Each structure stands twice: as C-alpha cells, then as structure tokens.
$ cat work10.cif   # mmCIF, C-alpha atoms
data_query
#
loop_
_atom_site.label_atom_id
_atom_site.label_comp_id
_atom_site.auth_asym_id
_atom_site.auth_seq_id
_atom_site.Cartn_x
_atom_site.Cartn_y
_atom_site.Cartn_z
CA MET Q 786 47.15 -4.05 -2.46
CA THR Q 787 44.13 -6.35 -2.15
CA GLN Q 788 41.80 -6.22 -5.14
CA PRO Q 789 38.11 -5.74 -4.36
CA ILE Q 790 35.70 -8.63 -4.54
CA GLU Q 791 33.39 -8.47 -7.55
CA LEU Q 792 29.76 -8.65 -6.42
CA TRP Q 793 27.44 -9.69 -9.24
CA TYR Q 794 24.27 -8.27 -7.85
CA TRP Q 795 20.72 -6.99 -8.11
CA PRO Q 796 18.87 -5.39 -5.16
CA THR Q 797 16.74 -8.31 -3.95
CA PRO Q 798 16.72 -10.12 -0.59
CA ASN Q 799 19.33 -12.62 -1.78
CA GLY Q 800 21.50 -9.81 -3.09
CA TRP Q 801 21.13 -7.84 0.13
CA LYS Q 802 22.43 -10.77 2.15
CA VAL Q 803 25.82 -10.47 0.49
CA SER Q 804 26.04 -6.67 0.28
CA ILE Q 805 25.24 -6.55 4.00
CA ALA Q 806 27.89 -9.17 4.77
CA LEU Q 807 30.55 -7.33 2.77
CA GLU Q 808 29.73 -4.12 4.61
CA GLU Q 809 29.71 -5.84 8.00
CA MET Q 810 33.01 -7.60 7.35
CA GLY Q 811 34.73 -4.52 5.96
CA LEU Q 812 35.76 -6.32 2.78
CA PRO Q 813 36.38 -4.09 -0.25
CA TYR Q 814 34.03 -4.83 -3.14
CA GLN Q 815 32.73 -3.47 -6.40
CA VAL Q 816 29.23 -4.03 -7.72
CA ARG Q 817 28.62 -5.65 -11.10
CA PRO Q 818 24.89 -5.13 -11.69
CA VAL Q 819 22.98 -8.10 -13.12
CA ASN Q 820 19.67 -6.70 -14.36
CA ILE Q 821 17.40 -9.69 -13.88
CA GLY Q 822 14.47 -7.88 -15.47
CA ALA Q 823 16.49 -7.43 -18.67
CA GLY Q 824 17.67 -11.04 -18.75
CA GLU Q 825 21.32 -10.36 -17.93
CA GLN Q 826 21.35 -13.44 -15.69
CA PHE Q 827 21.27 -15.51 -18.90
CA ALA Q 828 24.44 -13.95 -20.33
CA PRO Q 829 27.29 -16.48 -20.84
CA GLU Q 830 29.64 -14.23 -18.86
CA PHE Q 831 27.42 -14.45 -15.81
CA GLN Q 832 26.47 -18.11 -16.17
CA ALA Q 833 30.16 -18.98 -16.28
CA ILE Q 834 30.28 -18.08 -12.58
CA SER Q 835 26.64 -18.80 -11.72
CA PRO Q 836 25.55 -21.92 -13.66
CA ASN Q 837 22.03 -21.71 -12.22
CA GLY Q 838 21.60 -18.26 -13.70
CA ARG Q 839 20.72 -16.67 -10.38
CA MET Q 840 22.41 -13.84 -8.59
CA PRO Q 841 24.23 -13.04 -6.44
CA ALA Q 842 27.64 -14.42 -7.24
CA ILE Q 843 31.12 -13.22 -6.38
CA ILE Q 844 34.60 -13.37 -7.81
CA ASP Q 845 37.34 -12.97 -5.23
CA PRO Q 846 40.62 -12.14 -7.02
CA ASP Q 847 42.45 -12.93 -3.78
CA GLY Q 848 41.02 -16.39 -3.15
CA PRO Q 849 42.61 -19.44 -1.51
CA ASP Q 850 46.39 -19.52 -2.00
CA GLY Q 851 46.11 -16.13 -3.67
CA GLN Q 852 44.27 -17.53 -6.68
CA PRO Q 853 40.90 -16.14 -7.89
CA ILE Q 854 37.73 -18.01 -6.96
CA SER Q 855 34.12 -17.57 -8.04
CA ILE Q 856 31.18 -18.61 -5.87
CA PHE Q 857 27.44 -18.68 -6.50
CA GLU Q 858 24.53 -19.35 -4.09
CA SER Q 859 24.10 -16.79 -1.33
CA GLY Q 860 24.52 -19.25 1.54
CA ALA Q 861 27.83 -20.53 0.19
CA ILE Q 862 28.98 -16.95 -0.38
CA LEU Q 863 28.20 -16.00 3.22
CA GLN Q 864 30.13 -19.01 4.53
CA TYR Q 865 33.10 -18.18 2.34
CA LEU Q 866 33.14 -14.51 3.35
CA GLY Q 867 32.80 -15.44 7.01
CA GLN Q 868 35.79 -17.74 6.76
CA LYS Q 869 37.80 -15.25 4.73
CA SER Q 870 37.21 -12.37 7.13
CA GLY Q 871 37.16 -14.42 10.32
CA ARG Q 872 34.05 -12.51 11.37
CA PHE Q 873 30.42 -13.43 12.11
CA TYR Q 874 31.05 -17.15 11.51
CA PRO Q 875 32.33 -19.11 14.54
CA ALA Q 876 35.61 -20.97 14.32
CA ASP Q 877 34.56 -23.70 16.79
CA VAL Q 878 32.60 -26.70 15.51
CA ARG Q 879 29.64 -26.30 17.87
CA GLY Q 880 29.22 -22.61 17.18
CA ARG Q 881 29.56 -23.07 13.45
CA ALA Q 882 27.00 -25.89 13.44
CA GLU Q 883 24.55 -23.57 15.23
CA VAL Q 884 24.98 -20.95 12.53
CA ASP Q 885 24.94 -23.43 9.66
CA GLN Q 886 21.65 -25.03 10.62
CA TRP Q 887 19.88 -21.66 10.68
CA LEU Q 888 21.58 -20.60 7.49
CA CYS Q 889 20.28 -23.79 5.85
CA TRP Q 890 16.83 -23.11 7.33
CA GLN Q 891 16.77 -19.72 5.64
CA VAL Q 892 18.11 -20.95 2.30
CA GLY Q 893 15.83 -24.00 2.16
CA GLY Q 894 12.74 -22.64 3.90
CA LEU Q 895 12.26 -18.97 4.66
CA GLY Q 896 13.65 -17.69 1.37
CA PRO Q 897 11.78 -19.99 -1.04
CA MET Q 898 8.47 -19.86 0.85
CA ALA Q 899 8.52 -16.11 1.40
CA GLY Q 900 9.59 -15.65 -2.20
CA GLN Q 901 6.59 -17.63 -3.44
CA THR Q 902 4.34 -15.61 -1.14
CA HIS Q 903 5.73 -12.43 -2.60
CA HIS Q 904 5.23 -13.78 -6.13
CA PHE Q 905 1.62 -14.81 -5.71
CA ARG Q 906 0.62 -11.72 -3.76
CA GLN Q 907 2.44 -9.05 -5.78
CA TYR Q 908 3.43 -10.33 -9.22
CA ALA Q 909 0.85 -12.97 -10.14
CA PRO Q 910 -2.12 -10.53 -10.12
CA ALA Q 911 -0.39 -8.59 -12.90
CA ILE Q 912 0.16 -11.76 -14.94
CA ILE Q 913 -2.99 -13.84 -14.45
CA LYS Q 914 -6.28 -12.07 -15.11
CA ASP Q 915 -8.54 -14.63 -13.41
CA GLN Q 916 -7.70 -14.06 -9.76
CA ARG Q 917 -9.37 -17.33 -8.79
CA GLN Q 918 -6.42 -19.12 -10.35
CA ILE Q 919 -3.96 -17.60 -7.88
CA ALA Q 920 -6.11 -17.77 -4.73
CA TYR Q 921 -4.76 -21.14 -3.59
CA GLY Q 922 -1.14 -20.05 -4.12
CA VAL Q 923 -1.74 -16.90 -2.11
CA ARG Q 924 -3.29 -18.83 0.77
CA ARG Q 925 -0.78 -21.70 0.72
CA TYR Q 926 2.36 -19.60 0.75
CA THR Q 927 1.05 -16.83 2.99
CA ASP Q 928 0.17 -19.45 5.62
CA GLU Q 929 3.56 -21.14 5.33
CA THR Q 930 5.37 -17.84 5.63
CA HIS Q 931 3.30 -17.12 8.74
CA ARG Q 932 4.45 -20.44 10.19
CA LEU Q 933 8.10 -19.64 9.44
CA TYR Q 934 7.81 -16.20 11.01
CA GLY Q 935 6.53 -18.03 14.07
CA VAL Q 936 9.53 -20.37 14.09
CA LEU Q 937 11.86 -17.39 14.13
CA ASP Q 938 9.79 -15.56 16.73
CA ARG Q 939 10.02 -18.52 19.10
CA ARG Q 940 13.75 -18.85 18.46
CA LEU Q 941 14.28 -15.20 19.40
CA ALA Q 942 12.28 -15.40 22.62
CA ASP Q 943 15.40 -15.73 24.77
CA ARG Q 944 18.19 -14.34 22.62
CA ASP Q 945 19.06 -11.21 20.68
CA TYR Q 946 20.29 -13.02 17.56
CA ILE Q 947 19.41 -16.24 15.80
CA ALA Q 948 22.48 -18.33 16.61
CA GLY Q 949 23.73 -16.61 19.75
CA ASP Q 950 26.06 -13.82 18.68
CA TYR Q 951 25.23 -11.77 15.60
CA SER Q 952 26.26 -13.84 12.58
CA ILE Q 953 25.77 -14.64 8.91
CA ALA Q 954 22.56 -16.43 9.95
CA ASP Q 955 21.06 -13.05 10.84
CA MET Q 956 22.37 -11.49 7.63
CA ALA Q 957 20.72 -14.28 5.64
CA ALA Q 958 17.30 -14.11 7.29
CA TRP Q 959 16.85 -10.40 7.88
CA PRO Q 960 16.30 -9.33 4.23
CA TRP Q 961 13.52 -11.91 3.87
CA ILE Q 962 11.31 -10.48 6.62
CA LEU Q 963 9.06 -8.30 4.46
CA PRO Q 964 5.71 -8.36 6.27
CA THR Q 965 3.77 -5.92 4.10
CA LEU Q 966 4.74 -7.76 0.91
CA GLN Q 967 4.07 -11.19 2.43
CA GLY Q 968 0.69 -10.57 4.05
CA GLN Q 969 1.99 -10.77 7.61
CA ASN Q 970 1.21 -8.69 10.68
CA ILE Q 971 4.58 -8.20 12.36
CA GLN Q 972 2.79 -7.24 15.60
CA GLU Q 973 1.90 -10.93 16.01
CA PHE Q 974 5.61 -11.69 16.34
CA PRO Q 975 7.04 -9.35 19.01
CA ASN Q 976 10.41 -11.10 19.32
CA LEU Q 977 10.85 -11.13 15.56
CA LYS Q 978 9.84 -7.47 15.33
CA ALA Q 979 12.43 -6.49 17.95
CA TRP Q 980 15.10 -8.47 16.10
CA VAL Q 981 14.20 -6.86 12.75
CA GLU Q 982 14.60 -3.45 14.33
CA ARG Q 983 17.79 -4.45 16.18
CA VAL Q 984 19.52 -5.78 13.09
CA GLY Q 985 18.13 -3.05 10.86
CA ALA Q 986 19.69 -0.36 13.05
CA ARG Q 987 23.22 -1.60 12.39
CA PRO Q 988 25.11 0.90 10.19
CA ALA Q 989 26.52 -1.83 7.94
CA VAL Q 990 23.04 -3.30 7.43
CA ILE Q 991 21.69 0.11 6.48
CA ALA Q 992 24.57 0.58 4.02
CA GLY Q 993 24.30 -2.93 2.56
CA ARG Q 994 20.54 -2.71 2.16
CA ALA Q 995 20.92 0.56 0.24
CA VAL Q 996 23.29 -0.85 -2.38
CA GLY Q 997 21.68 -0.56 -5.80
CA ASP Q 998 18.55 1.26 -4.64
CA ASP Q 999 18.70 3.28 -7.84
CA LEU Q 1000 18.60 0.11 -9.97
CA ARG Q 1001 15.43 -1.52 -8.74
CA ARG Q 1002 12.19 -1.53 -10.75
CA ASP Q 1003 8.72 -2.44 -9.51
CA LEU Q 1004 7.81 -5.67 -11.33
CA GLY Q 1005 4.28 -5.51 -9.98
CA GLY Q 1006 3.52 -2.33 -11.91
CA SER Q 1007 1.43 -1.93 -15.01
CA GLY Q 1008 3.86 -0.17 -17.33
CA ALA Q 1009 5.40 -1.66 -20.46
CA GLY Q 1010 8.80 -1.91 -18.82
CA ALA Q 1011 7.48 -3.85 -15.84
CA GLU Q 1012 5.51 -6.17 -18.12
CA ALA Q 1013 8.58 -6.91 -20.24
CA ALA Q 1014 10.62 -7.62 -17.11
CA ARG Q 1015 7.98 -10.03 -15.82
CA LYS Q 1016 8.08 -11.94 -19.10
CA VAL Q 1017 11.83 -12.36 -18.70
CA LEU Q 1018 11.62 -13.44 -15.07
CA PHE Q 1019 8.54 -15.62 -15.13
CA GLY Q 1020 8.55 -17.01 -18.67
CA GLN Q 1021 11.92 -18.66 -18.66
CA ARG Q 1022 11.16 -21.92 -20.48
CA GLY Q 1023 13.91 -23.16 -22.72
CA ARG Q 1024 16.58 -20.98 -21.19
#
$ encode --input "work10.cif" --output "structure tokens"
Amino acid sequence: MTQPIELWYWPTPNGWKVSIALEEMGLPYQVRPVNIGAGEQFAPEFQAISPNGRMPAIIDPDGPDGQPISIFESGAILQYLGQKSGRFYPADVRGRAEVDQWLCWQVGGLGPMAGQTHHFRQYAPAIIKDQRQIAYGVRRYTDETHRLYGVLDRRLADRDYIAGDYSIADMAAWPWILPTLQGQNIQEFPNLKAWVERVGARPAVIAGRAVGDDLRRDLGGSGAGAEAARKVLFGQRGR
C-alpha cells in the first residue's frame, strides 16, 4: 500500500499551490503543519528538508526507485508531483517548456512582487508607525503587481488556461491573485477575472484551498498574538 506524501504546510499562497496539486492529482497526503507565526520553520527537523526555512516542503516515502525523497520550493514540488502522477504536466518537450516558463514567471515574478505588495499594504502598517516610511513600498509593489496582473490578463485573452490545457502553471498562479489584499481592481482585468472564477470552481481547487483554514491567523491584527507572530516572521536576523 502506497504511503501518503507528507506535506509540510501552512495555509498561504505557496502552501495552497501544493495542496491544490495534491487534490487535483489524487495523490494521498497527510498535512504536517509548520506554524510560521510561531517560528516552526526554524526547527532543525524542518530545515533538514527545507534548508531555506520556508514552507511548503514534501517528503514522498515512495520516491524514485521506491526510495524516500524530500523536496522544497513550491515550483520544484509541482514539477515533481506532475511527473509522479503523469497529470497536469505535459510529457512532450514543447508542452512542458510552455508550462515551465509560466511556472518560472510565477515563482520569480508574480509571487515575490504580490507578496511584497501584500506585506506593505497589510502588515507594514502594523509594524511601522510613521506611514510615510512605507508609502514608497506600497506604491512600488502595488504598481508592479498591477503590471503582472496585466501580463496574465493579456495571456488569457485567447485561451482558458495559462499554458493551453489546465496545468501546474495555473495551480501556481491562481493562489496569488488576491486583488483586495493587493490593491487591485479585478474588473480591470476581465480575462484574468474569468480565469480566477474558472479555476476556482474546480472541486479539487476548492478542497486544496480549504486545507488548514482552521490554522491561519491574521498577522495584520492588533492583538498580542499577531504582534508576536509578526516579530517572528519579519524580524528574522541571525536565524
């Protein structure tokens, strides 16, 4: 009997990528919560499989040649799961290159820029009292996220999914389209809006997005717990 994949996880956009993929691919898995607000990403047990101290990560007990394998970085995990399952990741070179370039676009562009937008708009106001100090960051990253939404909107003008058929490229990008948190008006991007709704209606996406809903805490709040979590996440010098 195949052992389930261990998903080291917290409910964030990068975590949702992998929980969605596991649901879509029908691969059995068990969740190992990594509470990033409590600093569990710094635990030696986790850093042994994720040297960068970021989740998600997976351990597949039934890896290549039947031997266990651990993988960190969400893009690499999606590629591995696509190959393992034979689903949502083309076998032909041309098709795979199409998916890979958009996967790299998300990992190197949409995720980091939208993440910084989210940080400066939601978290920074609770950390920095002088709001003039964060104004440039808000403007810079909100504008760049707007540009990236536009890239995706143009891409989706003549297709239902990013790389042709529904793929890991869609699973990677979809969790990062968070207009209300990123200062965007989704109505400006009709093709993107239709795609968000199309992907979001998939049963496996709904199930994957819901994984760990009971774990998440609002780091932008004013309570003592939220403040302590922010110190862990955003004061990581010397770790």
$ atom_distance --input "work10.cif" --atom1 "atom CA of Q:Pro813" --atom2 "atom CA of Q:Ile991"
16.7 Å
$ resolve_selection --input "work10.cif" --expression "the PyMOL selection byres ((chain Q and resi 833) around 12)" --output "list in words"
Trp793, Gln826, Phe827, Ala828, Pro829, Glu830, Phe831, Gln832, Ile834, Ser835, Pro836, Asn837, Gly838, Arg839, Ala842, Ile843, Ile844, Ser855, Ile856 and Phe857 of chain Q
$ resolve_selection --input "work10.cif" --expression "the PyMOL selection byres ((chain Q and resi 897-907) around 10)" --output "compact mmCIF listing (two decimals) with C-alpha atoms, in the coordinates of the input"
# COMPACT_ATOMS: atom_id res chain seq x y z
CA PRO Q 798 16.72 -10.12 -0.59
CA GLN Q 891 16.77 -19.72 5.64
CA VAL Q 892 18.11 -20.95 2.30
CA GLY Q 893 15.83 -24.00 2.16
CA GLY Q 894 12.74 -22.64 3.90
CA LEU Q 895 12.26 -18.97 4.66
CA GLY Q 896 13.65 -17.69 1.37
CA TYR Q 908 3.43 -10.33 -9.22
CA ALA Q 909 0.85 -12.97 -10.14
CA PRO Q 910 -2.12 -10.53 -10.12
CA ALA Q 911 -0.39 -8.59 -12.90
CA ILE Q 912 0.16 -11.76 -14.94
CA ILE Q 913 -2.99 -13.84 -14.45
CA ILE Q 919 -3.96 -17.60 -7.88
CA ALA Q 920 -6.11 -17.77 -4.73
CA TYR Q 921 -4.76 -21.14 -3.59
CA GLY Q 922 -1.14 -20.05 -4.12
CA VAL Q 923 -1.74 -16.90 -2.11
CA ARG Q 924 -3.29 -18.83 0.77
CA ARG Q 925 -0.78 -21.70 0.72
CA TYR Q 926 2.36 -19.60 0.75
CA THR Q 927 1.05 -16.83 2.99
CA ASP Q 928 0.17 -19.45 5.62
CA GLU Q 929 3.56 -21.14 5.33
CA THR Q 930 5.37 -17.84 5.63
CA HIS Q 931 3.30 -17.12 8.74
CA LEU Q 933 8.10 -19.64 9.44
CA TYR Q 934 7.81 -16.20 11.01
CA TRP Q 961 13.52 -11.91 3.87
CA ILE Q 962 11.31 -10.48 6.62
CA LEU Q 963 9.06 -8.30 4.46
CA PRO Q 964 5.71 -8.36 6.27
CA THR Q 965 3.77 -5.92 4.10
CA LEU Q 966 4.74 -7.76 0.91
CA GLN Q 967 4.07 -11.19 2.43
CA GLY Q 968 0.69 -10.57 4.05
CA ASP Q 1003 8.72 -2.44 -9.51
CA LEU Q 1004 7.81 -5.67 -11.33
CA GLY Q 1005 4.28 -5.51 -9.98
CA GLY Q 1006 3.52 -2.33 -11.91
CA PHE Q 1019 8.54 -15.62 -15.13
$ residues_around --input "work10.cif" --residues "Q:Lys978" --least-positions-apart "2" --cutoff "12 Å" --atoms "all atoms listed in the file" --output "list in words"
Tyr934, Gly935, Leu937, Asp938, Arg939, Leu941, Ala942, Asp945, Trp959, Ile962, Leu963, Pro964, Gln969, Asn970, Ile971, Gln972, Glu973, Phe974, Pro975, Asn976, Trp980, Val981, Glu982, Arg983, Val984 and Gly985 of chain Q
$ write_last_selection --input "work10.cif" --atoms "C-alpha atoms" --output "mmCIF file, keeping the file's coordinate frame"
data_model
loop_
_atom_site.group_PDB
_atom_site.id
_atom_site.type_symbol
_atom_site.label_atom_id
_atom_site.label_comp_id
_atom_site.auth_asym_id
_atom_site.auth_seq_id
_atom_site.Cartn_x
_atom_site.Cartn_y
_atom_site.Cartn_z
ATOM 1 C CA TYR Q 934 7.810 -16.200 11.010
ATOM 2 C CA GLY Q 935 6.530 -18.030 14.070
ATOM 3 C CA LEU Q 937 11.860 -17.390 14.130
ATOM 4 C CA ASP Q 938 9.790 -15.560 16.730
ATOM 5 C CA ARG Q 939 10.020 -18.520 19.100
ATOM 6 C CA LEU Q 941 14.280 -15.200 19.400
ATOM 7 C CA ALA Q 942 12.280 -15.400 22.620
ATOM 8 C CA ASP Q 945 19.060 -11.210 20.680
ATOM 9 C CA TRP Q 959 16.850 -10.400 7.880
ATOM 10 C CA ILE Q 962 11.310 -10.480 6.620
ATOM 11 C CA LEU Q 963 9.060 -8.300 4.460
ATOM 12 C CA PRO Q 964 5.710 -8.360 6.270
ATOM 13 C CA GLN Q 969 1.990 -10.770 7.610
ATOM 14 C CA ASN Q 970 1.210 -8.690 10.680
ATOM 15 C CA ILE Q 971 4.580 -8.200 12.360
ATOM 16 C CA GLN Q 972 2.790 -7.240 15.600
ATOM 17 C CA GLU Q 973 1.900 -10.930 16.010
ATOM 18 C CA PHE Q 974 5.610 -11.690 16.340
ATOM 19 C CA PRO Q 975 7.040 -9.350 19.010
ATOM 20 C CA ASN Q 976 10.410 -11.100 19.320
ATOM 21 C CA TRP Q 980 15.100 -8.470 16.100
ATOM 22 C CA VAL Q 981 14.200 -6.860 12.750
ATOM 23 C CA GLU Q 982 14.600 -3.450 14.330
ATOM 24 C CA ARG Q 983 17.790 -4.450 16.180
ATOM 25 C CA VAL Q 984 19.520 -5.780 13.090
ATOM 26 C CA GLY Q 985 18.130 -3.050 10.860
#
$ atom_distance --input "work10.cif" --atom1 "atom CA of Q:Phe873" --atom2 "atom CA of Q:Pro818"
25.8 Å
$ resolve_selection --input "work10.cif" --expression "the PyMOL selection byres ((chain Q and resi 996) around 9)" --output "JSON, numbers by chain"
{"Q": [795, 796, 801, 804, 805, 816, 992, 993, 994, 995, 997, 998, 999, 1000]}
